[in-house]
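K.L.:
Before we start, here is the structure in question, set down as structure tokens.
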Amino acid sequence: MQITSPAFKQNAREALHDAQLQKALGNVRSGFIEKRQKAADALPEFESLRDSARDIKDHALKHLDLYLEAYESKVTESGGRVHWAETAEDARNIVLEICRSADARSVTKGKSMITEEIGLNEFLKVKGIHPVETDLGEYIIQLRNEHPSHIIAPAVHLNKDQVEADFRRVHTDFPASRDLTEPEALLGEARAVLRKEYFAADVGITGANFLVAETGTSMIVTNEGNGDLTQILPRIHIVVASIEKIVPTLEDAAQILRVLARSATGQEMSVYTTLSTGPRRPGDPDGPDEYHVILLDNGRSSMLGTEFQDMLRCIRCGACMNHCPIYHAIGGHAYGWVYPGPMGAVLTPSLIGVDKAGHLPNASTFCGRCESVCPMRIPLPKMMRHWREREFERALNPATQRYGLKFWAFFAKRPELYRAATSLAIPLLRMISPRSGRFSSLPLAGGWTKYRDFPAPEQRTFMQQARERGLTKERNVQG
């Protein structure tokens with residue numbers, strides 16, 4: 001996947017002027033927020049479960065090496081095989097080696113952000129292997145040669161008419177006169193097409209919501225059942241998962257599952273929760289002959305022990321972006337890589353570097369809604385501030401911004417000078433302000449006034465008002 005995060009500002013401008021996208025994004029604002037709130041309100045222990053989920057992941061991360069080794073031992077014991085991949089290239093090559101060992105020509109895939117991260121589809125195509133996405137949203141965007149714009153609703157940026165046009169363009173075996181005006185008709189047609197792919201596939205590839213150290217189990221949650229067909233029909237099942245997906249026990253996974261679907265889609269549970277432990281055993285009616293798990297690092301271990309470790313608690317529910325005003329305005333593709341929204345603003349710089357993704361942590365109002373709804377209580381605004389600090393330290397932001405902050409800091413560190421400067425500036429601005437009390441243009445503030453008016457200051461500063469009201473000494477208000 002081509003990284004366009006450095007062009008975030010241009011991406012955002014284009015998204016803001018895309019009328020169709022803006023209409024589609026209304027579904028995010030109306031479709032997720034209320035459902036999550038109702039699901040949380042209906043569960044009295046929801047907040048306690050969030051605390052428990054956070055503690056489980058923190059414990060697993062603290063002892064990550066031990067649990068990963070335990071998981072590998074259990075997978076091997078069940079007849080499977082674990083492969084360790086330090087980089088995305090390593091993971092791609094392991095998948096290719098497994099596919100070639102089976103002389104595979106086609107691969108079905110369950111929904112997986114980690115395979116998006118390593119660019120697996122493009123890689124397999126180049127190597128002569130045909131990958132087919134089986135999640136409906138992923139299948140739709142694959143037809144369009146696009147990437148997901150949301151981690152749980154990949155095609156949320158599209159409308160029904162666009163999907164119908166793509167189906168008519170690609171599904172040429174169906175009668176041209178068929179009626180595709182209803183969503184049920186589109187779903188039925190996709191099901192008919194994909195069912196053939198399930199039976200033709202030599203290899204099935206899924207991600208994992210959780211890896212259970214206690215049993216060597218990989219766990220996925222879906223609402224369509226496509227993940228089940230992807231992993232039980234082909235001869236080989238490959239799980240691709242990043243190392244932080246590990247949890248100690250099945251009970252721990254069950255605890256986190258109680259906040260996952262509620263936070264993501266407002267469901268009590270996803271329709272399907274599928275557990276896989278090794279290949280088919282003697283007497284099993286179905287299942288793969290080979291079971292492989294690829295454990296990917298790709299920068300995660302370098303986050304351990306840093307101010308960004310809490311990001312590794314993320315369970316990819318999408319709640320942060322569902323509630324983010326920036327995501328609501330520009331959608332997911334503007335972020336320029338796999339992970340959009342607040343979680344992407346933290347994770348993307350961690351994985352590809354702040355030099356390429358430094359704009360993303362700046363794309364935040366710091367309203368805190370993302371942290372308030374995160375089921376794992378990840379302090380996303382704090383970590384975005386850490387990335388802003390890194391960006392500033394490396395002089396990656398514009399010189400005008402850096403010098404402007406230094407200029408402001410010079411005064412802010414000297415309270416008497418700061419108060420004197422503001423006492424002079426405020427009356428001056430009041431004198432030149434329009435009758436409306438709002439500036440439509442102002443020197444050194446063009447970035448603001450280009451899009452909105454700048455309010456004229458009040459008559460007196462906060463400190464002056466505090467002194468007049470006798471609050472300075474009483475409440476120890478200082479400049």
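In the structure tokens, the first chain shown is A, the next is B, and so on; residue numbers restart at 1 for each chain, and ligands run from 1 in the order shown.
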Determine which residues of region 251-393 of chain A DSSP labels as strand (DSSP E or B) from the backbone of this structure, then write them out as a list in words.
P.N.:
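Filtering region 251-393 of chain A to strand (DSSP E or B) leaves Tyr272, Thr273, Thr274, Leu275, Ser276, Glu290, Tyr291, His292, Val293, Ile294, Leu295 and Leu296 of chain A.
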K.L.:
So that I have them on file, write out the residues from the current selection with N, CA and C atoms, as a PDB file, in the first residue's frame.
P.N.:
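Writing done, so here's part16.pdb:
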```
ATOM      1  N   TYR A 272     -20.581 -14.055  15.063  1.00  0.00           N
ATOM      2  CA  TYR A 272     -19.716 -15.235  15.111  1.00  0.00           C
ATOM      3  C   TYR A 272     -18.476 -14.928  15.942  1.00  0.00           C
ATOM      4  N   THR A 273     -18.179 -15.795  16.882  1.00  0.00           N
ATOM      5  CA  THR A 273     -16.909 -15.784  17.603  1.00  0.00           C
ATOM      6  C   THR A 273     -16.284 -17.151  17.391  1.00  0.00           C
ATOM      7  N   THR A 274     -15.214 -17.196  16.614  1.00  0.00           N
ATOM      8  CA  THR A 274     -14.670 -18.470  16.139  1.00  0.00           C
ATOM      9  C   THR A 274     -13.294 -18.721  16.734  1.00  0.00           C
ATOM     10  N   LEU A 275     -13.141 -19.899  17.347  1.00  0.00           N
ATOM     11  CA  LEU A 275     -11.872 -20.295  17.968  1.00  0.00           C
ATOM     12  C   LEU A 275     -11.247 -21.420  17.143  1.00  0.00           C
ATOM     13  N   SER A 276      -9.955 -21.273  16.839  1.00  0.00           N
ATOM     14  CA  SER A 276      -9.238 -22.298  16.076  1.00  0.00           C
ATOM     15  C   SER A 276      -8.003 -22.722  16.848  1.00  0.00           C
ATOM     16  N   GLU A 290      -3.230 -28.241   7.401  1.00  0.00           N
ATOM     17  CA  GLU A 290      -2.089 -27.530   7.980  1.00  0.00           C
ATOM     18  C   GLU A 290      -2.574 -26.236   8.634  1.00  0.00           C
ATOM     19  N   TYR A 291      -1.948 -25.919   9.765  1.00  0.00           N
ATOM     20  CA  TYR A 291      -2.324 -24.727  10.520  1.00  0.00           C
ATOM     21  C   TYR A 291      -1.051 -23.957  10.850  1.00  0.00           C
ATOM     22  N   HIS A 292      -0.946 -22.742  10.319  1.00  0.00           N
ATOM     23  CA  HIS A 292       0.251 -21.919  10.514  1.00  0.00           C
ATOM     24  C   HIS A 292      -0.138 -20.590  11.166  1.00  0.00           C
ATOM     25  N   VAL A 293       0.692 -20.132  12.079  1.00  0.00           N
ATOM     26  CA  VAL A 293       0.510 -18.819  12.690  1.00  0.00           C
ATOM     27  C   VAL A 293       1.777 -18.005  12.458  1.00  0.00           C
ATOM     28  N   ILE A 294       1.611 -16.836  11.857  1.00  0.00           N
ATOM     29  CA  ILE A 294       2.739 -15.921  11.646  1.00  0.00           C
ATOM     30  C   ILE A 294       2.617 -14.793  12.661  1.00  0.00           C
ATOM     31  N   LEU A 295       3.569 -14.716  13.571  1.00  0.00           N
ATOM     32  CA  LEU A 295       3.596 -13.673  14.598  1.00  0.00           C
ATOM     33  C   LEU A 295       4.488 -12.534  14.131  1.00  0.00           C
ATOM     34  N   LEU A 296       3.880 -11.382  13.918  1.00  0.00           N
ATOM     35  CA  LEU A 296       4.573 -10.232  13.335  1.00  0.00           C
ATOM     36  C   LEU A 296       4.908  -9.191  14.395  1.00  0.00           C
TER      37      LEU A 296
END
```
K.L.:
Skipping near chain neighbours, those fewer than 5 positions away, what residues fall within 10 Å of Ile220 (chain A) using only C-alpha atoms, listed as a ChimeraX atom specification?
P.N.:
/A:110-112,206-211,227-228,270,272-276
K.L.:
Quick one: everything within 8 Å of region 131-146 of chain A, counting only C-alpha atoms, minus sequence neighbours fewer than 2 positions away in the same chain. Send it as a JSON list (two decimals) with N, CA and C atoms, in the first residue's frame.
P.N.:
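Result saved to out37.json:
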```
[["chain", "number", "residue", "atom", "x", "y", "z"],
["A", 106, "SER", "N", -4.99, -19.76, -5.62],
["A", 106, "SER", "CA", -5.97, -18.80, -5.10],
["A", 106, "SER", "C", -6.00, -18.87, -3.58],
["A", 107, "VAL", "N", -6.28, -17.72, -2.97],
["A", 107, "VAL", "CA", -6.29, -17.59, -1.52],
["A", 107, "VAL", "C", -7.54, -16.80, -1.12],
["A", 108, "THR", "N", -8.30, -17.31, -0.18],
["A", 108, "THR", "CA", -9.38, -16.51, 0.40],
["A", 108, "THR", "C", -8.88, -15.87, 1.68],
["A", 109, "LYS", "N", -9.39, -14.69, 1.97],
["A", 109, "LYS", "CA", -8.91, -13.93, 3.13],
["A", 109, "LYS", "C", -10.08, -13.44, 3.97],
["A", 110, "GLY", "N", -9.98, -13.64, 5.25],
["A", 110, "GLY", "CA", -10.90, -12.99, 6.18],
["A", 110, "GLY", "C", -10.43, -11.57, 6.42],
["A", 111, "LYS", "N", -11.29, -10.75, 6.97],
["A", 111, "LYS", "CA", -10.93, -9.36, 7.22],
["A", 111, "LYS", "C", -9.73, -9.28, 8.16],
["A", 121, "ASN", "N", -1.95, -8.43, -0.22],
["A", 121, "ASN", "CA", -2.68, -8.66, -1.47],
["A", 121, "ASN", "C", -1.85, -8.30, -2.69],
["A", 124, "LEU", "N", 0.97, -10.85, -3.22],
["A", 124, "LEU", "CA", 0.55, -12.15, -3.76],
["A", 124, "LEU", "C", 0.20, -12.05, -5.24],
["A", 125, "LYS", "N", -0.43, -10.96, -5.64],
["A", 125, "LYS", "CA", -0.78, -10.78, -7.05],
["A", 125, "LYS", "C", 0.47, -10.80, -7.92],
["A", 129, "ILE", "N", -0.46, -15.32, -7.39],
["A", 129, "ILE", "CA", -1.47, -15.93, -6.52],
["A", 129, "ILE", "C", -2.63, -14.95, -6.37],
["A", 148, "PRO", "N", -9.25, -0.03, 2.92],
["A", 148, "PRO", "CA", -10.30, 0.30, 3.90],
["A", 148, "PRO", "C", -10.22, 1.75, 4.35],
["A", 153, "ALA", "N", -15.59, -1.02, 9.31],
["A", 153, "ALA", "CA", -16.54, -0.81, 8.21],
["A", 153, "ALA", "C", -15.75, -0.32, 7.00],
["A", 154, "PRO", "N", -15.08, -1.22, 6.30],
["A", 154, "PRO", "CA", -14.10, -0.81, 5.27],
["A", 154, "PRO", "C", -14.67, 0.05, 4.15],
["A", 155, "ALA", "N", -15.97, -0.15, 3.83],
["A", 155, "ALA", "CA", -16.57, 0.56, 2.71],
["A", 155, "ALA", "C", -17.54, 1.65, 3.16],
["A", 163, "VAL", "N", -21.75, 0.86, -5.20],
["A", 163, "VAL", "CA", -21.57, -0.58, -5.09],
["A", 163, "VAL", "C", -22.28, -1.29, -6.25],
["A", 166, "ASP", "N", -20.25, -1.03, -9.39],
["A", 166, "ASP", "CA", -19.08, -1.91, -9.39],
["A", 166, "ASP", "C", -19.48, -3.37, -9.62],
["A", 170, "VAL", "N", -18.14, -5.70, -12.76],
["A", 170, "VAL", "CA", -17.28, -6.87, -12.53],
["A", 170, "VAL", "C", -18.02, -8.19, -12.71],
["A", 187, "LEU", "N", -26.17, -8.10, -1.51],
["A", 187, "LEU", "CA", -25.62, -9.10, -0.61],
["A", 187, "LEU", "C", -25.74, -10.50, -1.21],
["A", 190, "ALA", "N", -23.15, -10.99, -3.99],
["A", 190, "ALA", "CA", -21.80, -11.17, -3.45],
["A", 190, "ALA", "C", -21.65, -12.57, -2.85],
["A", 194, "LEU", "N", -18.81, -15.29, -3.98],
["A", 194, "LEU", "CA", -17.80, -15.70, -3.01],
["A", 194, "LEU", "C", -17.87, -17.18, -2.68],
["A", 197, "GLU", "N", -15.52, -19.05, -4.64],
["A", 197, "GLU", "CA", -14.12, -18.79, -4.25],
["A", 197, "GLU", "C", -13.74, -19.61, -3.03],
["A", 224, "GLU", "N", -20.47, -12.04, 9.53],
["A", 224, "GLU", "CA", -20.91, -12.64, 8.27],
["A", 224, "GLU", "C", -20.60, -14.13, 8.16],
["A", 226, "ASN", "N", -17.88, -15.31, 7.21],
["A", 226, "ASN", "CA", -16.87, -15.52, 6.16],
["A", 226, "ASN", "C", -15.56, -16.03, 6.73],
["A", 227, "GLY", "N", -15.23, -15.64, 7.95],
["A", 227, "GLY", "CA", -13.99, -16.11, 8.56],
["A", 227, "GLY", "C", -14.00, -17.61, 8.78],
["A", 230, "THR", "N", -13.44, -19.32, 5.47],
["A", 230, "THR", "CA", -12.07, -19.08, 5.03],
["A", 230, "THR", "C", -11.09, -20.04, 5.69]]
```
K.L.:
Could you build a table of the residues in region 236-313 of chain A lying no more than 12 Å from region 66-85 of chain A, giving for each the nearest pair of atoms and their separation in Å rounded to one decimal place, using only C-alpha atoms, ordered by chain and ascending residue number, as JSON lines?
P.N.:
```
{"residue": "A:Ile236", "atom": "CA", "partner": "A:Gly80", "partner_atom": "CA", "distance": 10.6}
{"residue": "A:His237", "atom": "CA", "partner": "A:Gly80", "partner_atom": "CA", "distance": 9.8}
{"residue": "A:Ile238", "atom": "CA", "partner": "A:Arg81", "partner_atom": "CA", "distance": 9.7}
{"residue": "A:Val239", "atom": "CA", "partner": "A:Val82", "partner_atom": "CA", "distance": 9.4}
{"residue": "A:Val240", "atom": "CA", "partner": "A:His83", "partner_atom": "CA", "distance": 9.5}
{"residue": "A:Ala241", "atom": "CA", "partner": "A:Ala85", "partner_atom": "CA", "distance": 10.0}
{"residue": "A:Ser242", "atom": "CA", "partner": "A:Ala85", "partner_atom": "CA", "distance": 9.2}
{"residue": "A:Ile243", "atom": "CA", "partner": "A:Leu68", "partner_atom": "CA", "distance": 7.6}
{"residue": "A:Glu244", "atom": "CA", "partner": "A:Leu68", "partner_atom": "CA", "distance": 9.2}
{"residue": "A:Lys245", "atom": "CA", "partner": "A:Leu68", "partner_atom": "CA", "distance": 9.7}
{"residue": "A:Ile246", "atom": "CA", "partner": "A:Leu68", "partner_atom": "CA", "distance": 7.0}
{"residue": "A:Val247", "atom": "CA", "partner": "A:Tyr67", "partner_atom": "CA", "distance": 7.6}
{"residue": "A:Pro248", "atom": "CA", "partner": "A:Tyr67", "partner_atom": "CA", "distance": 6.5}
{"residue": "A:Thr249", "atom": "CA", "partner": "A:Tyr67", "partner_atom": "CA", "distance": 9.8}
{"residue": "A:Ser276", "atom": "CA", "partner": "A:Val75", "partner_atom": "CA", "distance": 10.1}
{"residue": "A:Thr277", "atom": "CA", "partner": "A:Ser78", "partner_atom": "CA", "distance": 6.8}
{"residue": "A:Gly278", "atom": "CA", "partner": "A:Gly80", "partner_atom": "CA", "distance": 4.9}
{"residue": "A:Pro279", "atom": "CA", "partner": "A:Gly80", "partner_atom": "CA", "distance": 6.2}
{"residue": "A:Arg280", "atom": "CA", "partner": "A:Gly79", "partner_atom": "CA", "distance": 8.8}
{"residue": "A:Arg281", "atom": "CA", "partner": "A:Gly79", "partner_atom": "CA", "distance": 8.7}
{"residue": "A:Pro282", "atom": "CA", "partner": "A:Gly79", "partner_atom": "CA", "distance": 11.7}
{"residue": "A:Pro288", "atom": "CA", "partner": "A:Gly80", "partner_atom": "CA", "distance": 10.4}
{"residue": "A:Asp289", "atom": "CA", "partner": "A:Gly80", "partner_atom": "CA", "distance": 9.5}
{"residue": "A:Glu290", "atom": "CA", "partner": "A:Gly80", "partner_atom": "CA", "distance": 6.7}
{"residue": "A:Tyr291", "atom": "CA", "partner": "A:Gly80", "partner_atom": "CA", "distance": 4.8}
{"residue": "A:His292", "atom": "CA", "partner": "A:Arg81", "partner_atom": "CA", "distance": 4.9}
{"residue": "A:Val293", "atom": "CA", "partner": "A:Val82", "partner_atom": "CA", "distance": 4.8}
{"residue": "A:Ile294", "atom": "CA", "partner": "A:His83", "partner_atom": "CA", "distance": 4.7}
{"residue": "A:Leu295", "atom": "CA", "partner": "A:Trp84", "partner_atom": "CA", "distance": 5.1}
{"residue": "A:Leu296", "atom": "CA", "partner": "A:Ala85", "partner_atom": "CA", "distance": 4.8}
{"residue": "A:Asp297", "atom": "CA", "partner": "A:Ala85", "partner_atom": "CA", "distance": 6.3}
{"residue": "A:Asn298", "atom": "CA", "partner": "A:Ala85", "partner_atom": "CA", "distance": 7.8}
{"residue": "A:Gly299", "atom": "CA", "partner": "A:Ala85", "partner_atom": "CA", "distance": 10.9}
{"residue": "A:Arg300", "atom": "CA", "partner": "A:Ala85", "partner_atom": "CA", "distance": 11.6}
{"residue": "A:Ser301", "atom": "CA", "partner": "A:Ala85", "partner_atom": "CA", "distance": 12.0}
```
K.L.:
CA of Glu393 (chain A) to CA of Ser5 (chain A): how many Å, to one decimal?
P.N.:
19.8 Å
K.L.:
Between A:His130, A:His150, A:Arg235, A:Lys9, which one has atoms that come closest to His333 (chain A), using only C-alpha atoms?
P.N.:
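With only C-alpha atoms as the atom set, the closest residue is A:His150.
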